[in-house]
$ cat structure32.cif   # mmCIF, C-alpha atoms
data_run
loop_
_atom_site.label_atom_id
_atom_site.label_comp_id
_atom_site.auth_asym_id
_atom_site.auth_seq_id
_atom_site.Cartn_x
_atom_site.Cartn_y
_atom_site.Cartn_z
CA MET A 10 -25.15 11.47 -3.92
CA ALA A 11 -21.44 12.19 -4.15
CA ILE A 12 -20.49 10.00 -1.18
CA VAL A 13 -20.45 6.58 -2.80
CA LEU A 14 -19.41 4.51 0.23
CA PHE A 15 -19.40 4.85 4.01
CA ARG A 16 -16.90 2.32 5.36
CA VAL A 17 -15.65 1.30 8.80
CA ASP A 18 -12.12 -0.10 8.59
CA ASP A 19 -9.58 0.01 11.39
CA ARG A 20 -6.70 -0.23 8.90
CA LEU A 21 -7.91 3.14 7.57
CA VAL A 22 -6.40 4.03 4.15
CA HIS A 23 -4.96 0.89 2.55
CA GLY A 24 -5.10 -1.21 -0.62
CA GLN A 25 -8.60 -2.64 -0.19
CA VAL A 26 -9.97 0.88 0.20
CA VAL A 27 -8.12 2.80 -2.50
CA ILE A 28 -7.78 0.01 -5.07
CA GLY A 29 -10.37 -2.64 -4.14
CA TRP A 30 -13.25 -0.19 -3.74
CA GLY A 31 -11.78 3.02 -5.10
CA ARG A 32 -11.18 1.88 -8.65
CA PRO A 33 -14.49 0.10 -9.46
CA MET A 34 -16.43 2.95 -7.85
CA SER A 35 -14.31 5.62 -9.58
CA VAL A 36 -13.53 7.26 -6.25
CA ASP A 37 -11.42 10.41 -6.49
CA HIS A 38 -11.67 11.63 -2.89
CA VAL A 39 -11.24 9.75 0.39
CA VAL A 40 -12.31 11.42 3.63
CA LEU A 41 -10.83 9.84 6.74
CA VAL A 42 -12.73 10.86 9.87
CA ASP A 43 -10.53 10.00 12.85
CA ASP A 44 -9.82 12.22 15.84
CA THR A 45 -6.25 11.00 16.36
CA VAL A 46 -5.10 11.06 12.73
CA ALA A 47 -6.68 14.51 12.28
CA THR A 48 -4.10 15.94 14.69
CA SER A 49 -1.14 13.77 13.71
CA PRO A 50 0.93 15.05 10.75
CA TRP A 51 3.21 11.99 10.64
CA GLU A 52 0.23 9.64 10.38
CA GLN A 53 -1.28 11.82 7.64
CA ASP A 54 2.02 11.60 5.71
CA LEU A 55 1.85 7.81 5.85
CA TYR A 56 -1.80 7.52 4.85
CA ARG A 57 -1.29 9.89 1.91
CA MET A 58 1.44 7.56 0.68
CA ALA A 59 -1.07 4.71 0.49
CA ALA A 60 -3.23 6.66 -1.98
CA PRO A 61 -2.42 6.39 -5.71
CA ASP A 62 -1.86 9.46 -7.88
CA GLY A 63 -5.06 11.35 -8.53
CA LEU A 64 -6.80 10.30 -5.33
CA ARG A 65 -7.23 13.16 -2.85
CA VAL A 66 -7.24 12.35 0.86
CA THR A 67 -8.86 14.65 3.45
CA PHE A 68 -8.41 14.19 7.19
CA ALA A 69 -11.09 15.34 9.61
CA SER A 70 -11.96 15.01 13.27
CA THR A 71 -15.44 13.78 14.20
CA VAL A 72 -16.64 17.35 14.71
CA GLU A 73 -15.17 18.43 11.38
CA GLY A 74 -16.66 15.34 9.74
CA ILE A 75 -20.15 16.18 11.00
CA ALA A 76 -19.76 19.76 9.77
CA GLY A 77 -18.28 18.77 6.40
CA LEU A 78 -20.59 15.89 5.51
CA PRO A 79 -23.32 17.93 3.74
CA GLY A 80 -20.69 19.65 1.58
CA TRP A 81 -18.99 16.39 0.58
CA ALA A 82 -22.39 14.90 -0.23
CA GLN A 83 -23.14 17.74 -2.66
CA ALA A 84 -19.67 18.03 -4.21
CA ALA A 85 -18.86 16.84 -7.70
CA ASP A 86 -16.19 14.45 -6.35
CA ARG A 87 -16.99 10.79 -5.86
CA THR A 88 -16.11 10.46 -2.20
CA LEU A 89 -15.46 7.45 0.01
CA LEU A 90 -15.92 8.30 3.69
CA LEU A 91 -13.91 6.16 6.06
CA THR A 92 -13.83 5.80 9.82
CA GLY A 93 -11.57 3.61 11.93
CA ASP A 94 -14.25 2.66 14.44
CA LEU A 95 -17.97 2.23 14.74
CA ASP A 96 -18.50 5.01 17.29
CA THR A 97 -17.32 7.65 14.83
CA MET A 98 -19.62 6.29 12.11
CA VAL A 99 -22.54 6.22 14.57
CA ALA A 100 -21.87 9.89 15.39
CA LEU A 101 -21.94 10.80 11.68
CA ARG A 102 -25.10 8.78 11.08
CA GLU A 103 -26.91 10.29 14.08
CA ALA A 104 -25.97 13.81 12.97
CA HIS A 105 -27.09 13.26 9.35
CA PRO A 106 -29.38 10.19 9.10
CA ALA A 107 -30.51 10.97 5.56
CA LEU A 108 -26.94 11.44 4.27
CA VAL A 109 -25.63 8.14 5.71
CA PRO A 110 -28.12 5.53 4.47
CA ARG A 111 -25.81 2.53 4.11
CA ILE A 112 -22.70 1.52 6.05
CA ASN A 113 -20.08 -0.96 4.94
CA LEU A 114 -18.15 -2.92 7.59
CA GLY A 115 -14.78 -3.52 5.94
CA GLY A 116 -12.44 -4.40 8.76
CA ILE A 117 -12.66 -4.55 12.54
CA HIS A 118 -9.79 -6.74 13.59
CA HIS A 119 -8.85 -8.82 16.57
CA GLN A 120 -8.44 -7.26 19.98
CA PRO A 121 -8.80 -8.85 23.42
CA GLY A 122 -12.53 -9.30 24.16
CA ARG A 123 -13.64 -9.41 20.54
CA VAL A 124 -15.16 -12.53 18.95
CA GLU A 125 -14.60 -13.56 15.33
CA LYS A 126 -17.68 -13.17 13.13
CA LEU A 127 -15.87 -13.14 9.79
CA PRO A 128 -12.14 -13.38 9.04
CA TYR A 129 -11.99 -9.59 8.84
CA LEU A 130 -14.63 -8.80 11.44
CA TYR A 131 -14.24 -9.27 15.20
CA LEU A 132 -16.92 -7.83 17.46
CA GLY A 133 -16.84 -7.14 21.21
CA PRO A 134 -19.59 -5.76 23.45
CA ALA A 135 -18.86 -2.15 22.44
CA GLU A 136 -19.07 -2.95 18.72
CA VAL A 137 -22.28 -4.98 19.18
CA ALA A 138 -23.87 -2.09 21.11
CA ALA A 139 -22.93 0.38 18.36
CA LEU A 140 -24.34 -1.90 15.66
CA GLU A 141 -27.57 -2.32 17.64
CA ARG A 142 -27.91 1.48 17.73
CA LEU A 143 -27.46 1.65 13.97
CA ARG A 144 -30.01 -1.11 13.44
CA HIS A 145 -32.61 0.54 15.66
CA ALA A 146 -32.02 3.82 13.83
CA GLY A 147 -32.86 2.11 10.55
CA ALA A 148 -29.42 2.20 8.93
CA SER A 149 -28.61 -0.43 6.33
CA VAL A 150 -25.41 -2.15 7.53
CA ALA A 151 -23.54 -5.01 5.86
CA ALA A 152 -20.08 -6.54 6.11
CA GLN A 153 -18.13 -6.80 2.87
CA ASP A 154 -14.36 -6.47 2.64
CA LEU A 155 -14.19 -6.22 -1.18
CA PRO A 156 -16.77 -5.54 -3.92
CA THR A 157 -16.21 -9.04 -5.30
CA ALA A 158 -16.96 -10.70 -1.94
CA PRO A 159 -20.50 -11.51 -0.81
CA ALA A 160 -22.12 -8.97 1.51
CA VAL A 161 -23.15 -10.30 4.93
CA ALA A 162 -26.22 -8.61 6.42
CA LEU A 163 -26.18 -7.25 9.94
CA ASP A 164 -28.83 -9.73 11.09
CA ASP A 165 -26.44 -12.56 10.26
CA LEU A 166 -23.70 -10.99 12.37
CA LEU A 167 -25.55 -10.23 15.61
CA MET B 6 30.65 -15.39 18.59
CA GLY B 7 26.91 -15.17 17.85
CA LEU B 8 25.15 -12.94 15.38
CA SER B 9 24.33 -9.39 16.46
CA PRO B 10 20.66 -8.61 17.23
CA ARG B 11 20.41 -6.64 13.97
CA TRP B 12 21.57 -9.60 11.89
CA GLN B 13 19.27 -11.96 13.78
CA THR B 14 16.40 -9.63 12.91
CA ILE B 15 17.43 -9.49 9.24
CA ILE B 16 17.42 -13.30 9.05
CA ARG B 17 14.07 -13.53 10.85
CA LEU B 18 12.55 -11.03 8.41
CA TYR B 19 12.75 -13.76 5.77
CA GLY B 20 10.15 -15.75 7.72
CA VAL B 21 7.84 -12.89 8.54
CA GLN B 22 4.79 -14.64 7.03
CA ALA B 23 5.54 -18.06 8.52
CA ALA B 24 2.96 -17.57 11.29
CA TRP B 25 0.39 -15.70 9.18
CA THR B 26 -3.15 -15.83 10.58
CA TYR B 27 -6.37 -13.96 9.86
CA GLU B 28 -6.36 -12.79 13.46
CA ARG B 29 -2.98 -11.03 13.39
CA MET B 30 -1.88 -11.52 9.77
CA ALA B 31 1.92 -11.01 9.76
CA GLY B 32 1.92 -9.61 13.31
CA ILE B 33 3.47 -12.64 14.97
CA GLY B 34 6.20 -12.85 12.33
CA VAL B 35 6.99 -9.17 12.79
CA GLY B 36 7.11 -9.65 16.58
CA HIS B 37 9.43 -12.63 16.14
CA ALA B 38 11.70 -10.57 13.88
CA ALA B 39 11.80 -7.64 16.31
CA ALA B 40 12.41 -9.82 19.40
CA PRO B 41 16.26 -9.97 19.25
CA MET B 42 16.57 -6.18 19.00
CA LEU B 43 13.92 -5.56 21.67
CA ARG B 44 15.61 -8.09 23.98
CA ASP B 45 18.88 -6.23 23.52
CA LEU B 46 17.21 -2.85 24.00
CA PHE B 47 15.46 -3.84 27.22
CA ARG B 48 18.19 -6.05 28.72
CA ASP B 49 18.87 -3.63 31.61
CA ARG B 50 15.26 -2.53 32.05
CA ASP B 51 12.18 -3.82 33.76
CA ALA B 52 10.92 -7.23 32.50
CA ILE B 53 7.32 -5.96 32.45
CA GLU B 54 8.31 -3.14 30.08
CA ARG B 55 10.12 -5.62 27.84
CA ARG B 56 7.17 -8.00 27.72
CA ALA B 57 4.81 -5.13 26.90
CA ALA B 58 7.07 -4.04 24.03
CA VAL B 59 7.33 -7.58 22.65
CA ALA B 60 3.54 -8.00 22.90
CA ARG B 61 3.00 -4.68 21.08
CA SER B 62 5.37 -5.74 18.32
CA ALA B 63 3.31 -8.92 17.72
CA GLU B 64 -0.06 -7.18 17.36
CA TYR B 65 -2.04 -7.20 14.12
CA PHE B 66 0.09 -6.10 11.19
CA ASN B 67 -0.08 -6.52 7.45
CA SER B 68 2.14 -5.17 4.69
CA HIS B 69 4.32 -6.41 1.89
CA PRO B 70 6.69 -8.96 3.52
CA TYR B 71 9.80 -7.59 1.81
CA LEU B 72 9.23 -4.15 3.38
CA ALA B 73 8.18 -5.32 6.84
CA GLY B 74 11.68 -4.41 8.04
CA ILE B 75 10.73 -0.73 7.83
CA ALA B 76 8.00 -1.31 10.42
CA VAL B 77 10.24 -3.49 12.60
CA GLY B 78 13.03 -0.89 12.55
CA ALA B 79 10.67 2.02 13.20
CA VAL B 80 9.01 0.20 16.12
CA VAL B 81 12.36 -0.70 17.72
CA ARG B 82 13.62 2.87 17.30
CA SER B 83 10.38 4.26 18.75
CA GLU B 84 10.67 1.95 21.77
CA ARG B 85 14.25 3.18 22.22
CA ASP B 86 13.04 6.80 22.02
CA GLY B 87 10.43 6.18 24.71
CA VAL B 88 7.44 6.81 22.44
CA PRO B 89 4.16 5.85 24.23
CA GLY B 90 2.81 2.39 23.42
CA GLY B 91 -0.40 3.72 21.87
CA ALA B 92 1.53 5.83 19.36
CA ILE B 93 3.71 2.83 18.45
CA SER B 94 0.61 0.73 17.75
CA ARG B 95 -0.75 3.52 15.55
CA LEU B 96 2.56 3.71 13.72
CA ARG B 97 2.26 0.01 12.82
CA THR B 98 -1.30 0.50 11.57
CA ALA B 99 -0.36 3.57 9.55
CA LEU B 100 2.61 1.81 7.94
CA SER B 101 0.54 -1.16 6.73
CA GLY B 102 -1.15 0.66 3.84
CA PRO B 103 1.84 2.41 2.24
CA LEU B 104 4.20 -0.52 2.75
CA GLY B 105 1.66 -2.86 1.19
CA ALA B 106 1.02 -0.56 -1.77
CA LEU B 107 4.70 0.27 -2.40
CA GLY B 108 5.76 -3.35 -2.02
CA ASP B 109 3.10 -4.59 -4.43
CA GLN B 110 4.17 -2.00 -7.01
CA LEU B 111 7.90 -2.58 -6.54
CA ILE B 112 7.90 -6.38 -6.28
CA TRP B 113 4.72 -8.12 -7.45
CA THR B 114 3.91 -5.83 -10.39
CA GLY B 115 7.47 -4.57 -10.93
CA GLU B 116 10.58 -6.56 -10.19
CA VAL B 117 9.12 -10.08 -10.44
CA PRO B 118 7.35 -9.69 -13.83
CA ALA B 119 10.36 -7.69 -15.10
CA LEU B 120 12.72 -10.52 -14.23
CA MET B 121 10.37 -13.10 -15.71
CA GLY B 122 10.07 -11.08 -18.91
CA PHE B 123 13.82 -10.60 -19.31
CA THR B 124 14.39 -14.28 -18.47
CA LEU B 125 11.97 -15.39 -21.17
CA ALA B 126 13.54 -12.99 -23.65
CA LEU B 127 17.06 -14.22 -22.85
CA LEU B 128 16.18 -17.91 -22.69
CA PRO B 129 16.54 -18.50 -26.47
CA VAL B 130 19.94 -16.78 -26.41
CA VAL B 131 21.70 -17.99 -23.25
CA GLY B 132 19.61 -21.02 -22.31
CA TRP B 133 18.81 -21.99 -18.73
CA TRP B 134 21.53 -19.71 -17.36
CA ALA B 135 18.91 -16.99 -17.74
CA VAL B 136 16.76 -18.69 -15.10
CA ALA B 137 19.71 -19.11 -12.72
CA ALA B 138 20.63 -15.46 -13.18
CA ALA B 139 17.05 -14.37 -12.46
CA VAL B 140 16.95 -16.37 -9.22
CA LEU B 141 20.29 -14.90 -8.17
CA VAL B 142 19.31 -11.32 -9.02
CA HIS B 143 15.98 -11.66 -7.20
CA ASN B 144 17.60 -12.94 -4.03
CA VAL B 145 20.38 -10.35 -4.03
CA MET B 146 17.78 -7.61 -4.47
CA ARG B 147 15.62 -9.05 -1.72
CA PHE B 148 18.53 -9.21 0.71
CA ARG B 149 19.58 -5.63 0.00
CA LEU B 150 15.96 -4.43 0.28
CA THR B 151 15.46 -6.24 3.59
CA ARG B 152 18.63 -4.76 5.09
CA TRP B 153 17.90 -1.26 3.76
CA SER B 154 14.30 -1.42 5.08
CA LEU B 155 15.36 -2.32 8.60
CA ASP B 156 18.05 0.38 8.66
CA LEU B 157 15.61 3.04 7.38
CA GLY B 158 13.17 2.25 10.18
CA LEU B 159 15.94 2.19 12.79
CA ALA B 160 17.28 5.55 11.60
CA HIS B 161 13.96 7.43 11.62
CA GLY B 162 11.51 5.82 14.06
CA LEU B 163 8.29 7.79 14.22
CA GLY B 164 9.49 10.00 11.34
CA VAL B 165 9.87 7.06 8.97
CA GLY B 166 6.94 8.24 6.80
CA ALA B 167 8.73 11.42 5.73
CA ALA B 168 12.00 9.49 5.23
CA LEU B 169 10.20 6.91 3.11
CA GLN B 170 8.64 9.63 0.95
CA GLN B 171 12.06 11.21 0.34
CA SER B 172 13.78 7.89 -0.35
CA TRP B 173 14.32 6.19 -3.73
CA LEU B 174 11.48 3.74 -3.06
CA PRO B 175 8.32 5.57 -4.31
CA ARG B 176 10.02 6.53 -7.60
CA ALA B 177 11.51 3.05 -8.01
CA ALA B 178 8.10 1.47 -7.43
CA LYS B 179 6.67 3.43 -10.37
CA ASP B 180 9.71 2.82 -12.61
CA ALA B 181 9.71 -0.90 -11.80
CA GLN B 182 6.23 -1.22 -13.27
CA ARG B 183 7.32 0.46 -16.50
CA VAL B 184 10.36 -1.81 -16.74
CA ALA B 185 8.10 -4.81 -16.09
CA ALA B 186 5.72 -3.74 -18.86
CA PHE B 187 8.65 -3.39 -21.25
CA ALA B 188 10.17 -6.75 -20.24
CA VAL B 189 6.89 -8.63 -20.68
CA GLY B 190 6.25 -6.80 -23.95
CA LEU B 191 9.71 -7.82 -25.13
CA ALA B 192 9.26 -11.42 -24.01
CA LEU B 193 6.02 -11.93 -25.95
CA PRO B 194 7.35 -11.62 -29.55
CA VAL B 195 10.73 -13.18 -28.66
CA THR B 196 9.10 -16.23 -27.06
CA ALA B 197 6.59 -16.50 -29.89
CA ALA B 198 9.44 -16.46 -32.43
CA TRP B 199 11.34 -19.07 -30.40
CA LEU B 200 8.36 -21.40 -30.13
CA TRP B 201 6.87 -21.02 -33.61
CA LEU B 202 9.72 -20.05 -35.93
CA ASP B 203 12.31 -22.65 -34.96
CA GLY B 204 14.52 -20.32 -32.97
CA ILE B 205 15.43 -16.72 -33.54
CA HIS B 206 18.61 -17.25 -35.54
CA GLU B 207 17.32 -15.64 -38.70
CA GLY B 208 15.40 -12.85 -37.01
CA GLY B 209 18.10 -11.63 -34.64
CA GLU B 210 18.41 -8.19 -36.24
CA VAL B 211 14.66 -7.70 -36.22
CA ILE B 212 14.42 -8.63 -32.55
CA LEU B 213 17.35 -6.33 -31.72
CA ALA B 214 15.56 -3.51 -33.52
CA LEU B 215 12.38 -4.25 -31.56
CA VAL B 216 14.35 -4.17 -28.30
CA LEU B 217 15.73 -0.76 -29.20
CA VAL B 218 12.30 0.62 -30.16
CA GLY B 219 10.77 -0.81 -26.99
CA THR B 220 13.55 0.70 -24.88
CA VAL B 221 12.98 4.13 -26.39
CA LEU B 222 9.21 3.85 -25.89
CA THR B 223 9.73 2.81 -22.27
CA LEU B 224 12.18 5.55 -21.39
CA ALA B 225 11.18 8.48 -23.59
CA PRO B 226 9.31 11.27 -21.78
CA GLY B 227 5.71 11.64 -22.88
CA THR B 228 5.32 8.06 -24.08
CA ARG B 229 5.34 6.39 -20.69
CA THR B 230 1.64 6.30 -20.08
CA ARG B 231 0.46 5.96 -23.68
CA VAL B 232 2.80 3.37 -25.19
CA THR B 233 3.93 0.86 -22.62
CA GLY B 234 6.22 -2.02 -23.46
CA LEU B 235 3.36 -4.44 -22.91
CA ARG B 236 1.09 -2.66 -25.40
CA PHE B 237 3.97 -2.53 -27.87
CA GLY B 238 4.65 -6.25 -27.41
CA LEU B 239 0.99 -7.19 -27.79
CA ALA B 240 0.75 -5.13 -30.96
CA LEU B 241 3.80 -6.89 -32.38
CA LEU B 242 2.43 -10.27 -31.39
CA GLY B 243 -0.86 -9.49 -33.12
CA ALA B 244 0.97 -8.38 -36.26
CA ALA B 245 3.12 -11.54 -36.22
CA ILE B 246 0.05 -13.79 -35.90
CA LEU B 247 -1.65 -11.99 -38.80
CA LEU B 248 1.45 -12.31 -41.02
CA MET B 249 1.91 -15.98 -40.15
CA GLY B 250 -1.71 -16.59 -41.03
CA GLY B 251 -0.99 -15.37 -44.55
CA TRP B 252 -3.11 -12.22 -44.37
#
$ encode --input "structure32.cif" --output "structure tokens"
Amino acid sequence: MAIVLFRVDDRLVHGQVVIGWGRPMSVDHVVLVDDTVATSPWEQDLYRMAAPDGLRVTFASTVEGIAGLPGWAQAADRTLLLTGDLDTMVALREAHPALVPRINLGGIHHQPGRVEKLPYLYLGPAEVAALERLRHAGASVAAQDLPTAPAVALDDLL
Amino acid sequence: MGLSPRWQTIIRLYGVQAAWTYERMAGIGVGHAAAPMLRDLFRDRDAIERRAAVARSAEYFNSHPYLAGIAVGAVVRSERDGVPGGAISRLRTALSGPLGALGDQLIWTGEVPALMGFTLALLPVVGWWAVAAAVLVHNVMRFRLTRWSLDLGLAHGLGVGAALQQSWLPRAAKDAQRVAAFAVGLALPVTAAWLWLDGIHEGGEVILALVLVGTVLTLAPGTRTRVTGLRFGLALLGAAILLMGGW
């Protein structure tokens, strides 16, 4: 499979993604699926700046992400697919269950109503509901901010 | 007469990580730095609007601390331009990645190791003045970078990404790493000679020649990625150890 990591991270394209995961996994293509960024040229300019030379960044809306997923999965590129929230990842998983077998929770940060589970993971009722849907659908979900950090299974988070 | 809001913000940018937490990272420090300019901006407007802007400016934020002024300036300018609060929050999030990456390249893997390398290389020649000079240069550069960052954000607001791309910063971040590699590569044989060969008095010409070769290798087109100063210095160090071992 050419998509080597499915990650949820509300900081989107940043150092942990492009260096922390990108380098050890030899990623050469990052797909950011986010409805707002997909229509915002100034945000795309900024996120491209966070990517080192040689790393291609593609921006897609949720609809475009669902349509493009089979192609990215078959491409020769080693792709990291990133979403800024759980709902978008759930939509991708429900559209293509076989193509999204494992999901990495890399960063869901503090907002009013969210409770700290890990230093980089705060969950509120909406996030818990989305994770429950993924669990019932049989997805393998774990929290891990960097490859060198221990992975925390979903059962230990809920 | 007190300091202007801009100067208060510049001074506060030095303490941007003082209230660092996992929950908001540098967000509170950034909010504290932006507060004087936001207070000035909203002084004739509704207090609820002002409080909302201050709260927004203290939300989660993480970047390189030396470049946080870009985000502070861009947020203040966006508030002045009447940009909706949601877009301002997204601007902060979007700035985190590039400012972190550029700052790491420019400072942590560029300017700081470069200064340390040159300081070590100069230490045998000028003594501890080299350390004092390095501290002075670092702080002058930091002050100028902090002031420039804030002014860039204030000048461009929501368009700061394009302005940042066209500025000297991305190129300087790459060049700083090459200079750092050269400086560390230079420092290795010079320091080794200083420690093991009782000073560098008799090898001055050799070291000068090495400096010139290293400079050419660092600056010459086509050699930048293949022969870095660090690789050159390590090779020289290896050769020196072999020669000293009598091989």
$ closest_residue --input "structure32.cif" --among "A:Leu127, A:Leu166, A:Val109, A:Ala100" --to "chain B" --atoms "all atoms listed in the file"
A:Leu127
$ closest_atom_pairs --input "structure32.cif" --of "chain B" --to "chain A" --cutoff "12 Å" --atoms "all atoms listed in the file" --output "tab-separated table"
residue	atom	partner	partner_atom	distance
B:Thr26	CA	A:Pro128	CA	9.4
B:Tyr27	CA	A:Pro128	CA	5.9
B:Glu28	CA	A:His119	CA	5.6
B:Arg29	CA	A:His119	CA	7.0
B:Met30	CA	A:His118	CA	10.0
B:Gly32	CA	A:His119	CA	11.3
B:Arg61	CA	A:Gln120	CA	11.8
B:Glu64	CA	A:Gln120	CA	8.8
B:Tyr65	CA	A:His119	CA	7.4
B:Phe66	CA	A:Arg20	CA	9.3
B:Asn67	CA	A:Arg20	CA	9.2
B:Ser68	CA	A:His23	CA	9.6
B:His69	CA	A:Gly24	CA	11.0
B:Ala76	CA	A:Leu55	CA	11.9
B:Gly91	CA	A:Thr45	CA	10.8
B:Ala92	CA	A:Thr45	CA	9.8
B:Ile93	CA	A:Glu52	CA	11.1
B:Ser94	CA	A:Arg20	CA	11.5
B:Arg95	CA	A:Glu52	CA	8.1
B:Leu96	CA	A:Glu52	CA	7.2
B:Arg97	CA	A:Arg20	CA	9.8
B:Thr98	CA	A:Arg20	CA	6.1
B:Ala99	CA	A:Leu55	CA	6.0
B:Leu100	CA	A:Leu55	CA	6.4
B:Ser101	CA	A:His23	CA	7.2
B:Gly102	CA	A:His23	CA	4.0
B:Pro103	CA	A:Ala59	CA	4.1
B:Leu104	CA	A:Ala59	CA	7.8
B:Gly105	CA	A:Gly24	CA	7.2
B:Ala106	CA	A:Ala59	CA	6.1
B:Leu107	CA	A:Ala59	CA	7.8
B:Gly108	CA	A:Ala59	CA	10.9
B:Asp109	CA	A:Gly24	CA	9.7
B:Gln110	CA	A:Pro61	CA	10.7
B:His161	CA	A:Trp51	CA	11.7
B:Gly162	CA	A:Trp51	CA	10.9
B:Leu163	CA	A:Trp51	CA	7.5
B:Gly164	CA	A:Trp51	CA	6.6
B:Val165	CA	A:Trp51	CA	8.5
B:Gly166	CA	A:Leu55	CA	5.2
B:Ala167	CA	A:Asp54	CA	6.7
B:Ala168	CA	A:Asp54	CA	10.2
B:Leu169	CA	A:Leu55	CA	8.8
B:Gln170	CA	A:Met58	CA	7.5
B:Gln171	CA	A:Met58	CA	11.2
B:Leu174	CA	A:Met58	CA	11.4
B:Pro175	CA	A:Met58	CA	8.7
B:Arg176	CA	A:Met58	CA	12.0
B:Ala178	CA	A:Pro61	CA	11.7
B:Lys179	CA	A:Pro61	CA	10.6
$ residues_around --input "structure32.cif" --residues "Ala84 of chain A" --least-positions-apart "6" --cutoff "12 Å" --atoms "all atoms listed in the file" --output "compact mmCIF listing (two decimals) with C-alpha atoms, in the coordinates of the input"
# COMPACT_ATOMS: atom_id res chain seq x y z
CA MET A 10 -25.15 11.47 -3.92
CA ALA A 11 -21.44 12.19 -4.15
CA ILE A 12 -20.49 10.00 -1.18
CA VAL A 13 -20.45 6.58 -2.80
CA ASP A 37 -11.42 10.41 -6.49
CA HIS A 38 -11.67 11.63 -2.89
CA GLY A 77 -18.28 18.77 6.40
CA LEU A 78 -20.59 15.89 5.51
$ atom_distance --input "structure32.cif" --atom1 "atom CA of Leu64 of chain A" --atom2 "atom CA of Gly31 of chain A"
8.8 Å
$ resolve_selection --input "structure32.cif" --expression "the PyMOL selection byres ((chain A and resi 99) around 10)" --output "number ranges by chain"
A: 92, 94-98, 100-106, 109, 112, 139-140, 142-143, 146, 148
$ atom_distance --input "structure32.cif" --atom1 "atom CA of Val130 of chain B" --atom2 "atom CA of Asp180 of chain B"
26.1 Å
$ resolve_selection --input "structure32.cif" --expression "the PyMOL selection byres ((chain B and resi 133-142) around 12)" --output "CSV table (one decimal) with C-alpha atoms, keeping the file's coordinate frame"
chain,number,residue,atom,x,y,z
B,116,GLU,CA,10.6,-6.6,-10.2
B,117,VAL,CA,9.1,-10.1,-10.4
B,118,PRO,CA,7.4,-9.7,-13.8
B,119,ALA,CA,10.4,-7.7,-15.1
B,120,LEU,CA,12.7,-10.5,-14.2
B,121,MET,CA,10.4,-13.1,-15.7
B,122,GLY,CA,10.1,-11.1,-18.9
B,123,PHE,CA,13.8,-10.6,-19.3
B,124,THR,CA,14.4,-14.3,-18.5
B,125,LEU,CA,12.0,-15.4,-21.2
B,126,ALA,CA,13.5,-13.0,-23.6
B,127,LEU,CA,17.1,-14.2,-22.8
B,128,LEU,CA,16.2,-17.9,-22.7
B,129,PRO,CA,16.5,-18.5,-26.5
B,130,VAL,CA,19.9,-16.8,-26.4
B,131,VAL,CA,21.7,-18.0,-23.2
B,132,GLY,CA,19.6,-21.0,-22.3
B,143,HIS,CA,16.0,-11.7,-7.2
B,144,ASN,CA,17.6,-12.9,-4.0
B,145,VAL,CA,20.4,-10.4,-4.0
B,146,MET,CA,17.8,-7.6,-4.5
B,147,ARG,CA,15.6,-9.0,-1.7
B,148,PHE,CA,18.5,-9.2,0.7
B,149,ARG,CA,19.6,-5.6,0.0
$ resolve_selection --input "structure32.cif" --expression "the PyMOL selection byres ((chain A and resi 157) around 12)" --output "list of chain:residue names"
A:Gln25, A:Gly29, A:Trp30, A:Pro33, A:Gln153, A:Asp154, A:Leu155, A:Pro156, A:Ala158, A:Pro159, A:Ala160
$ closest_residue --input "structure32.cif" --among "A:Arg65, A:Leu163, A:Val124, A:Leu90" --to "Leu108 of chain A" --atoms "all atoms listed in the file"
A:Leu90
$ closest_residue --input "structure32.cif" --among "B:Leu193, B:Ala181, B:Ala57, B:Val35" --to "Glu84 of chain B" --atoms "all atoms listed in the file"
B:Ala57
$ atom_distance --input "structure32.cif" --atom1 "atom CA of Ala177 of chain B" --atom2 "atom CA of Gly158 of chain B"
18.3 Å
$ closest_residue --input "structure32.cif" --among "B:His37, B:Arg44, B:Arg85, B:Arg50" --to "Ala63 of chain B" --atoms "only C-alpha atoms"
B:His37
$ axis_aligned_box --input "structure32.cif" --around "segment 98-102 of chain A" --padding-each-side "6 Å" --output "AutoDock Vina command-line options"
--center_x -22.4 --center_y 8.5 --center_z 13.2 --size_x 17.5 --size_y 16.6 --size_z 16.3
$ residues_around --input "structure32.cif" --residues "Gly147 of chain A" --least-positions-apart "6" --cutoff "10 Å" --atoms "only C-alpha atoms" --output "number ranges by chain"
A: 106, 110-111, 141
$ residues_near_point --input "structure32.cif" --point "(-12.0, 11.5, 2.2)" --cutoff "7 Å" --atoms "only C-alpha atoms" --output "list in words"
His38, Val39, Val40, Leu41, Val66, Thr67, Phe68, Thr88, Leu89, Leu90 and Leu91 of chain A
$ decode --input "structure32.cif" --residues "segment 92-96 of chain A" --atoms "N, CA and C atoms" --output "PDB file, in the first residue's frame"
ATOM      1  N   THR A  92      -5.498  14.401   8.356  1.00  0.00           N
ATOM      2  CA  THR A  92      -6.713  15.206   8.538  1.00  0.00           C
ATOM      3  C   THR A  92      -6.574  16.011   9.831  1.00  0.00           C
ATOM      4  N   GLY A  93      -7.298  17.116   9.903  1.00  0.00           N
ATOM      5  CA  GLY A  93      -7.204  17.966  11.089  1.00  0.00           C
ATOM      6  C   GLY A  93      -8.193  17.583  12.164  1.00  0.00           C
ATOM      7  N   ASP A  94      -9.152  16.727  11.821  1.00  0.00           N
ATOM      8  CA  ASP A  94     -10.136  16.315  12.831  1.00  0.00           C
ATOM      9  C   ASP A  94     -10.578  14.876  12.588  1.00  0.00           C
ATOM     10  N   LEU A  95     -11.211  14.337  13.607  1.00  0.00           N
ATOM     11  CA  LEU A  95     -11.620  12.929  13.524  1.00  0.00           C
ATOM     12  C   LEU A  95     -12.766  12.716  12.544  1.00  0.00           C
ATOM     13  N   ASP A  96     -13.681  13.680  12.448  1.00  0.00           N
ATOM     14  CA  ASP A  96     -14.843  13.486  11.575  1.00  0.00           C
ATOM     15  C   ASP A  96     -14.421  13.248  10.122  1.00  0.00           C
TER      16      ASP A  96
END
